[in-house]
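Engineer: Input query-v2.json, format and content: JSON, N, CA and C atoms.
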[["chain", "number", "residue", "atom", "x", "y", "z"],
["A", 548, "MET", "N", 0.84, -1.19, 0.00],
["A", 548, "MET", "CA", 0.00, 0.00, 0.00],
["A", 548, "MET", "C", 0.88, 1.24, 0.00],
["A", 549, "THR", "N", 0.59, 2.20, -0.86],
["A", 549, "THR", "CA", 1.36, 3.43, -0.93],
["A", 549, "THR", "C", 0.91, 4.38, 0.17],
["A", 550, "ASP", "N", 1.78, 5.29, 0.51],
["A", 550, "ASP", "CA", 1.47, 6.27, 1.56],
["A", 550, "ASP", "C", 0.53, 7.33, 0.99],
["A", 551, "PRO", "N", -0.68, 7.48, 1.55],
["A", 551, "PRO", "CA", -1.65, 8.44, 1.02],
["A", 551, "PRO", "C", -1.44, 9.87, 1.52],
["A", 552, "THR", "N", -0.44, 10.12, 2.34],
["A", 552, "THR", "CA", -0.22, 11.46, 2.90],
["A", 552, "THR", "C", -0.07, 12.49, 1.79],
["A", 553, "GLY", "N", -0.81, 13.58, 1.91],
["A", 553, "GLY", "CA", -0.78, 14.66, 0.92],
["A", 553, "GLY", "C", -1.84, 14.53, -0.16],
["A", 554, "GLN", "N", -2.56, 13.41, -0.15],
["A", 554, "GLN", "CA", -3.60, 13.20, -1.16],
["A", 554, "GLN", "C", -4.87, 13.97, -0.77],
["A", 555, "ILE", "N", -5.59, 14.43, -1.76],
["A", 555, "ILE", "CA", -6.86, 15.11, -1.52],
["A", 555, "ILE", "C", -7.97, 14.10, -1.72],
["A", 556, "VAL", "N", -8.91, 14.07, -0.78],
["A", 556, "VAL", "CA", -10.03, 13.13, -0.85],
["A", 556, "VAL", "C", -11.34, 13.86, -0.60],
["A", 557, "ARG", "N", -12.42, 13.25, -1.06],
["A", 557, "ARG", "CA", -13.77, 13.75, -0.80],
["A", 557, "ARG", "C", -14.44, 12.72, 0.11],
["A", 558, "ALA", "N", -15.05, 13.18, 1.20],
["A", 558, "ALA", "CA", -15.76, 12.28, 2.11],
["A", 558, "ALA", "C", -16.97, 11.71, 1.38],
["A", 559, "ALA", "N", -17.10, 10.38, 1.39],
["A", 559, "ALA", "CA", -18.19, 9.71, 0.70],
["A", 559, "ALA", "C", -19.27, 9.24, 1.66],
["A", 560, "ALA", "N", -19.02, 9.34, 2.96],
["A", 560, "ALA", "CA", -19.99, 8.87, 3.95],
["A", 560, "ALA", "C", -19.84, 9.71, 5.21],
["A", 561, "GLY", "N", -20.91, 9.75, 5.99],
["A", 561, "GLY", "CA", -20.89, 10.47, 7.26],
["A", 561, "GLY", "C", -21.45, 11.87, 7.14],
["A", 562, "ARG", "N", -21.41, 12.57, 8.26],
["A", 562, "ARG", "CA", -21.99, 13.92, 8.29],
["A", 562, "ARG", "C", -21.21, 14.92, 7.45],
["A", 563, "ASP", "N", -19.97, 14.59, 7.12],
["A", 563, "ASP", "CA", -19.15, 15.48, 6.30],
["A", 563, "ASP", "C", -19.10, 15.03, 4.84],
["A", 564, "LYS", "N", -20.09, 14.27, 4.40],
["A", 564, "LYS", "CA", -20.16, 13.75, 3.03],
["A", 564, "LYS", "C", -20.07, 14.91, 2.02],
["A", 565, "GLY", "N", -19.20, 14.74, 1.04],
["A", 565, "GLY", "CA", -19.03, 15.75, 0.00],
["A", 565, "GLY", "C", -17.94, 16.77, 0.29],
["A", 566, "GLU", "N", -17.43, 16.83, 1.49],
["A", 566, "GLU", "CA", -16.39, 17.80, 1.86],
["A", 566, "GLU", "C", -15.02, 17.32, 1.39],
["A", 567, "LEU", "N", -14.13, 18.27, 1.12],
["A", 567, "LEU", "CA", -12.77, 17.96, 0.69],
["A", 567, "LEU", "C", -11.83, 18.01, 1.89],
["A", 568, "PHE", "N", -10.88, 17.07, 1.91],
["A", 568, "PHE", "CA", -9.89, 16.99, 2.99],
["A", 568, "PHE", "C", -8.54, 16.63, 2.41],
["A", 569, "TYR", "N", -7.48, 16.99, 3.13],
["A", 569, "TYR", "CA", -6.14, 16.47, 2.86],
["A", 569, "TYR", "C", -5.90, 15.31, 3.80],
["A", 570, "VAL", "N", -5.25, 14.27, 3.31],
["A", 570, "VAL", "CA", -4.82, 13.16, 4.16],
["A", 570, "VAL", "C", -3.50, 13.59, 4.78],
["A", 571, "VAL", "N", -3.45, 13.65, 6.11],
["A", 571, "VAL", "CA", -2.24, 14.09, 6.80],
["A", 571, "VAL", "C", -1.50, 12.93, 7.45],
["A", 572, "GLY", "N", -2.07, 11.72, 7.38],
["A", 572, "GLY", "CA", -1.40, 10.56, 7.93],
["A", 572, "GLY", "C", -2.34, 9.37, 8.02],
["A", 573, "VAL", "N", -1.84, 8.30, 8.62],
["A", 573, "VAL", "CA", -2.60, 7.07, 8.82],
["A", 573, "VAL", "C", -2.38, 6.65, 10.26],
["A", 574, "ASP", "N", -3.47, 6.28, 10.97],
["A", 574, "ASP", "CA", -3.30, 5.84, 12.35],
["A", 574, "ASP", "C", -2.96, 4.35, 12.40],
["A", 575, "GLY", "N", -2.78, 3.82, 13.58],
["A", 575, "GLY", "CA", -2.38, 2.43, 13.76],
["A", 575, "GLY", "C", -3.39, 1.41, 13.29],
["A", 576, "GLU", "N", -4.64, 1.81, 13.16],
["A", 576, "GLU", "CA", -5.70, 0.89, 12.73],
["A", 576, "GLU", "C", -5.98, 0.97, 11.23],
["A", 577, "GLY", "N", -5.18, 1.74, 10.50],
["A", 577, "GLY", "CA", -5.35, 1.85, 9.05],
["A", 577, "GLY", "C", -6.32, 2.93, 8.62],
["A", 578, "ARG", "N", -6.83, 3.72, 9.57],
["A", 578, "ARG", "CA", -7.75, 4.81, 9.21],
["A", 578, "ARG", "C", -6.94, 6.01, 8.75],
["A", 579, "LEU", "N", -7.51, 6.75, 7.82],
["A", 579, "LEU", "CA", -6.86, 7.96, 7.31],
["A", 579, "LEU", "C", -7.13, 9.11, 8.27],
["A", 580, "LEU", "N", -6.14, 9.95, 8.47],
["A", 580, "LEU", "CA", -6.29, 11.15, 9.29],
["A", 580, "LEU", "C", -6.49, 12.32, 8.34],
["A", 581, "LEU", "N", -7.66, 12.97, 8.44],
["A", 581, "LEU", "CA", -8.06, 14.00, 7.49],
["A", 581, "LEU", "C", -8.15, 15.36, 8.14],
["A", 582, "CYS", "N", -7.73, 16.39, 7.40],
["A", 582, "CYS", "CA", -7.82, 17.78, 7.87],
["A", 582, "CYS", "C", -8.29, 18.66, 6.72],
["A", 583, "ASP", "N", -9.05, 19.71, 7.09],
["A", 583, "ASP", "CA", -9.43, 20.71, 6.09],
["A", 583, "ASP", "C", -8.99, 22.11, 6.51],
["A", 584, "GLY", "N", -8.41, 22.24, 7.70],
["A", 584, "GLY", "CA", -7.92, 23.53, 8.16],
["A", 584, "GLY", "C", -8.97, 24.42, 8.77],
["A", 585, "LYS", "N", -10.23, 24.05, 8.70],
["A", 585, "LYS", "CA", -11.31, 24.87, 9.25],
["A", 585, "LYS", "C", -12.02, 24.11, 10.37],
["A", 586, "ARG", "N", -12.85, 23.14, 9.98],
["A", 586, "ARG", "CA", -13.55, 22.35, 11.00],
["A", 586, "ARG", "C", -12.64, 21.30, 11.61],
["A", 587, "ARG", "N", -11.78, 20.72, 10.80],
["A", 587, "ARG", "CA", -10.82, 19.72, 11.26],
["A", 587, "ARG", "C", -9.43, 20.28, 11.05],
["A", 588, "LYS", "N", -8.82, 20.70, 12.13],
["A", 588, "LYS", "CA", -7.50, 21.32, 12.06],
["A", 588, "LYS", "C", -6.41, 20.27, 12.23],
["A", 589, "LEU", "N", -5.18, 20.68, 11.94],
["A", 589, "LEU", "CA", -4.05, 19.77, 12.03],
["A", 589, "LEU", "C", -3.84, 19.24, 13.45],
["A", 590, "ALA", "N", -4.22, 20.02, 14.44],
["A", 590, "ALA", "CA", -4.06, 19.59, 15.82],
["A", 590, "ALA", "C", -5.02, 18.46, 16.20],
["A", 591, "ARG", "N", -6.13, 18.33, 15.46],
["A", 591, "ARG", "CA", -7.14, 17.32, 15.78],
["A", 591, "ARG", "C", -7.76, 16.76, 14.49],
["A", 592, "PRO", "N", -7.00, 15.93, 13.76],
["A", 592, "PRO", "CA", -7.52, 15.41, 12.49],
["A", 592, "PRO", "C", -8.64, 14.40, 12.70],
["A", 593, "LYS", "N", -9.46, 14.24, 11.68],
["A", 593, "LYS", "CA", -10.57, 13.28, 11.70],
["A", 593, "LYS", "C", -10.06, 11.95, 11.19],
["A", 594, "ALA", "N", -10.37, 10.87, 11.90],
["A", 594, "ALA", "CA", -10.02, 9.53, 11.45],
["A", 594, "ALA", "C", -11.19, 8.96, 10.66],
["A", 595, "LYS", "N", -10.91, 8.46, 9.47],
["A", 595, "LYS", "CA", -11.96, 7.93, 8.61],
["A", 595, "LYS", "C", -11.42, 6.71, 7.87],
["A", 596, "LYS", "N", -12.26, 5.70, 7.74],
["A", 596, "LYS", "CA", -11.85, 4.49, 7.02],
["A", 596, "LYS", "C", -11.65, 4.81, 5.54],
["A", 597, "PRO", "N", -10.66, 4.19, 4.92],
["A", 597, "PRO", "CA", -10.39, 4.47, 3.49],
["A", 597, "PRO", "C", -11.59, 4.21, 2.58],
["A", 598, "ARG", "N", -12.44, 3.28, 2.92],
["A", 598, "ARG", "CA", -13.59, 3.00, 2.06],
["A", 598, "ARG", "C", -14.66, 4.10, 2.14],
["A", 599, "HIS", "N", -14.53, 5.01, 3.11],
["A", 599, "HIS", "CA", -15.50, 6.09, 3.28],
["A", 599, "HIS", "C", -15.04, 7.39, 2.63],
["A", 600, "VAL", "N", -13.96, 7.34, 1.86],
["A", 600, "VAL", "CA", -13.48, 8.53, 1.14],
["A", 600, "VAL", "C", -13.24, 8.17, -0.32],
["A", 601, "GLN", "N", -13.30, 9.18, -1.15],
["A", 601, "GLN", "CA", -13.05, 9.03, -2.59],
["A", 601, "GLN", "C", -11.81, 9.85, -2.94],
["A", 602, "PRO", "N", -10.73, 9.20, -3.37],
["A", 602, "PRO", "CA", -9.53, 9.96, -3.75],
["A", 602, "PRO", "C", -9.79, 10.80, -5.00],
["A", 603, "LEU", "N", -9.22, 11.98, -5.01],
["A", 603, "LEU", "CA", -9.38, 12.88, -6.16],
["A", 603, "LEU", "C", -8.03, 13.09, -6.84],
["A", 604, "PRO", "N", -8.03, 13.11, -8.17],
["A", 604, "PRO", "CA", -6.79, 13.46, -8.86],
["A", 604, "PRO", "C", -6.57, 14.96, -8.68],
["A", 605, "ALA", "N", -5.44, 15.31, -8.14],
["A", 605, "ALA", "CA", -5.20, 16.73, -7.86],
["A", 605, "ALA", "C", -3.83, 17.12, -8.36],
["A", 606, "PRO", "N", -3.71, 18.34, -8.87],
["A", 606, "PRO", "CA", -2.40, 18.82, -9.30],
["A", 606, "PRO", "C", -1.48, 18.97, -8.09],
["A", 607, "GLY", "N", -0.20, 18.91, -8.32],
["A", 607, "GLY", "CA", 0.77, 19.04, -7.24],
["A", 607, "GLY", "C", 0.76, 20.44, -6.65],
["A", 608, "HIS", "N", 0.14, 20.60, -5.51],
["A", 608, "HIS", "CA", 0.09, 21.89, -4.82],
["A", 608, "HIS", "C", 1.22, 21.91, -3.79],
["A", 609, "PRO", "N", 1.81, 23.07, -3.53],
["A", 609, "PRO", "CA", 2.90, 23.15, -2.54],
["A", 609, "PRO", "C", 2.50, 22.60, -1.16],
["A", 610, "ALA", "N", 1.23, 22.76, -0.77],
["A", 610, "ALA", "CA", 0.78, 22.24, 0.53],
["A", 610, "ALA", "C", 0.87, 20.72, 0.55],
["A", 611, "ALA", "N", 0.49, 20.07, -0.53],
["A", 611, "ALA", "CA", 0.57, 18.60, -0.60],
["A", 611, "ALA", "C", 2.01, 18.14, -0.55],
["A", 612, "GLU", "N", 2.90, 18.87, -1.23],
["A", 612, "GLU", "CA", 4.31, 18.51, -1.21],
["A", 612, "GLU", "C", 4.89, 18.63, 0.21],
["A", 613, "LYS", "N", 4.49, 19.67, 0.93],
["A", 613, "LYS", "CA", 4.96, 19.82, 2.30],
["A", 613, "LYS", "C", 4.50, 18.66, 3.18],
["A", 614, "LEU", "N", 3.25, 18.24, 3.00],
["A", 614, "LEU", "CA", 2.74, 17.10, 3.78],
["A", 614, "LEU", "C", 3.53, 15.84, 3.46],
["A", 615, "ARG", "N", 3.79, 15.59, 2.20],
["A", 615, "ARG", "CA", 4.52, 14.38, 1.80],
["A", 615, "ARG", "C", 5.94, 14.38, 2.35],
["A", 616, "GLN", "N", 6.55, 15.55, 2.43],
["A", 616, "GLN", "CA", 7.92, 15.65, 2.91],
["A", 616, "GLN", "C", 8.01, 15.73, 4.42],
["A", 617, "GLY", "N", 6.86, 15.86, 5.09],
["A", 617, "GLY", "CA", 6.86, 15.94, 6.55],
["A", 617, "GLY", "C", 7.25, 17.31, 7.09],
["A", 618, "ARG", "N", 7.20, 18.32, 6.23],
["A", 618, "ARG", "CA", 7.53, 19.68, 6.66],
["A", 618, "ARG", "C", 6.32, 20.32, 7.34],
["A", 619, "PRO", "N", 6.56, 21.29, 8.23],
["A", 619, "PRO", "CA", 5.43, 21.93, 8.93],
["A", 619, "PRO", "C", 4.50, 22.68, 7.97],
["A", 620, "LEU", "N", 3.23, 22.65, 8.31],
["A", 620, "LEU", "CA", 2.19, 23.26, 7.48],
["A", 620, "LEU", "C", 1.17, 23.89, 8.42],
["A", 621, "SER", "N", 0.57, 24.98, 8.00],
["A", 621, "SER", "CA", -0.44, 25.63, 8.84],
["A", 621, "SER", "C", -1.84, 25.32, 8.34],
["A", 622, "ASP", "N", -2.82, 25.51, 9.21],
["A", 622, "ASP", "CA", -4.22, 25.32, 8.82],
["A", 622, "ASP", "C", -4.60, 26.30, 7.71],
["A", 623, "LYS", "N", -4.04, 27.50, 7.75],
["A", 623, "LYS", "CA", -4.33, 28.50, 6.74],
["A", 623, "LYS", "C", -3.87, 28.03, 5.36],
["A", 624, "GLN", "N", -2.70, 27.41, 5.28],
["A", 624, "GLN", "CA", -2.20, 26.89, 4.01],
["A", 624, "GLN", "C", -3.10, 25.77, 3.48],
["A", 625, "LEU", "N", -3.59, 24.92, 4.39],
["A", 625, "LEU", "CA", -4.51, 23.85, 3.99],
["A", 625, "LEU", "C", -5.80, 24.42, 3.42],
["A", 626, "ARG", "N", -6.38, 25.41, 4.13],
["A", 626, "ARG", "CA", -7.63, 26.03, 3.67],
["A", 626, "ARG", "C", -7.46, 26.63, 2.28],
["A", 627, "ARG", "N", -6.36, 27.34, 2.07],
["A", 627, "ARG", "CA", -6.13, 27.99, 0.77],
["A", 627, "ARG", "C", -5.96, 26.97, -0.35],
["A", 628, "ALA", "N", -5.23, 25.91, -0.08],
["A", 628, "ALA", "CA", -5.01, 24.87, -1.10],
["A", 628, "ALA", "C", -6.33, 24.20, -1.46],
["A", 629, "LEU", "N", -7.17, 23.90, -0.47],
["A", 629, "LEU", "CA", -8.46, 23.27, -0.75],
["A", 629, "LEU", "C", -9.40, 24.23, -1.47],
["A", 630, "ALA", "N", -9.31, 25.53, -1.18],
["A", 630, "ALA", "CA", -10.14, 26.51, -1.87],
["A", 630, "ALA", "C", -9.80, 26.57, -3.36],
["A", 631, "VAL", "N", -8.51, 26.50, -3.67],
["A", 631, "VAL", "CA", -8.07, 26.50, -5.07],
["A", 631, "VAL", "C", -8.63, 25.26, -5.78],
["A", 632, "LEU", "N", -8.53, 24.12, -5.14],
["A", 632, "LEU", "CA", -9.03, 22.89, -5.74],
["A", 632, "LEU", "C", -10.55, 22.94, -5.91],
["A", 633, "ARG", "N", -11.24, 23.45, -4.90],
["A", 633, "ARG", "CA", -12.71, 23.57, -4.97],
["A", 633, "ARG", "C", -13.11, 24.42, -6.17],
["A", 634, "ASP", "N", -12.39, 25.52, -6.40],
["A", 634, "ASP", "CA", -12.67, 26.38, -7.54],
["A", 634, "ASP", "C", -12.44, 25.65, -8.87],
["A", 635, "GLN", "N", -11.38, 24.85, -8.93],
["A", 635, "GLN", "CA", -11.07, 24.11, -10.16],
["A", 635, "GLN", "C", -12.13, 23.05, -10.43],
["A", 636, "LEU", "N", -12.65, 22.41, -9.39],
["A", 636, "LEU", "CA", -13.65, 21.36, -9.57],
["A", 636, "LEU", "C", -15.00, 21.92, -9.99],
["A", 637, "GLU", "N", -15.30, 23.16, -9.62],
["A", 637, "GLU", "CA", -16.59, 23.77, -9.96],
["A", 637, "GLU", "C", -16.64, 24.27, -11.39],
["A", 638, "VAL", "N", -15.49, 24.56, -11.97],
["A", 638, "VAL", "CA", -15.44, 25.11, -13.33],
["A", 638, "VAL", "C", -15.75, 24.06, -14.36]]
Can you turn what I pasted into structure tokens?
Structural biologist:
Amino acid sequence: MTDPTGQIVRAAAGRDKGELFYVVGVDGEGRLLLCDGKRRKLARPKAKKPRHVQPLPAPGHPAAEKLRQGRPLSDKQLRRALAVLRDQLEV
């Protein structure tokens, strides 16, 4: 299994269905740790099973690269990166 860190996903189930998140890691039980920088911040990511999210093809954004490299990232940078992607998906 490849490391999903830095991937953008859309929640396919639960109360946050349809929302976009960045995968910031994987917990010990195989659940993805998701953040959007607003409701779910980096300090308290949401754990979600991989079958409850839909991976999205996304261009290489600097925020995703920082996550993959393990460099520090702020919630503000996450929000901005997801806003850019949201705009691209609506067009």
Engineer: Looking at only N, CA and C atoms, which of A:Gly584, A:Pro609, A:Gly553, A:Pro602 is the one that sits closest to A:Val571?
Structural biologist: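 Distance minimum relative to A:Val571 lands on A:Gly553.
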Engineer: Can you work out which one of A:Leu589, A:Leu580, A:Leu567, A:Ala594 has the shortest atom-to-atom distance to A:Asp622, counting only N, CA and C atoms?
Structural biologist: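 Of A:Leu589, A:Leu580, A:Leu567, A:Ala594, the one nearest A:Asp622, counting only N, CA and C atoms, is A:Leu589.
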Engineer: Any idea what's packed within 5 Å of A:Cys582, counting all atoms listed in the file, ignoring anything in its chain fewer than 3 positions away? Could you give it as a ChimeraX atom specification?
Structural biologist: /A:568-569,587
Engineer: Pick from A:Leu579, A:Gly617, A:Leu629, A:Gln624: nearest to A:Arg598, with all atoms listed in the file counted?
Structural biologist: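 Under the stated criterion, the closest residue is A:Leu579.
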Engineer: I want to know what sits within 12 Å of A:Arg562, based on only C-alpha atoms, with residues of the same chain fewer than 4 positions away left out; could you give that as number ranges by chain?
Structural biologist: A: 558, 566, 593, 595, 599
Engineer: Output as an NGL selection string all residues of chain A that backbone DSSP marks as alpha helix (DSSP H).
Structural biologist: :A and (609-616 or 622-637)
Engineer: Would you return as a ChimeraX atom specification the members of chain A that DSSP assigns to strand (DSSP E) on this structure's backbone?
Structural biologist: /A:555-558,567-573,579-582,593-595,600-602
Engineer: If I take atom CA of A:Asp563 and atom N of A:Val600, how far is one from the other in Å, to one decimal?
Structural biologist: 10.6 Å
Engineer: Taking 3 positions as the minimum chain separation for residues in the same chain, which residues sit within 8 Å of A:Ala628 when counting only N, CA and C atoms? Answer as a list in words.
Structural biologist: His608, Pro609, Ala610, Ala611, Asp622, Lys623, Gln624, Leu625, Val631, Leu632, Arg633 and Asp634 of chain A
Engineer: Go ahead and compute the interatomic distance for atom N of A:Pro597 and atom CA of A:Arg557, in Å to one decimal.
Structural biologist: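 We find that atom N of A:Pro597 and atom CA of A:Arg557 lie 11.6 Å from each other.
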Engineer: Could you check how far atom CA of A:Gln616 sits from atom CA of A:Thr552, in Å to one decimal?
Structural biologist: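 Computing the Euclidean distance for atom CA of A:Gln616 and atom CA of A:Thr552 yields 9.2 Å.
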Engineer: Between A:Pro592, A:Pro619, A:Arg586, A:Gly572, which one has atoms that come closest to A:Asp550, using all atoms listed in the file?
Structural biologist: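 Checking each candidate against A:Asp550, we get A:Gly572 as the closest.
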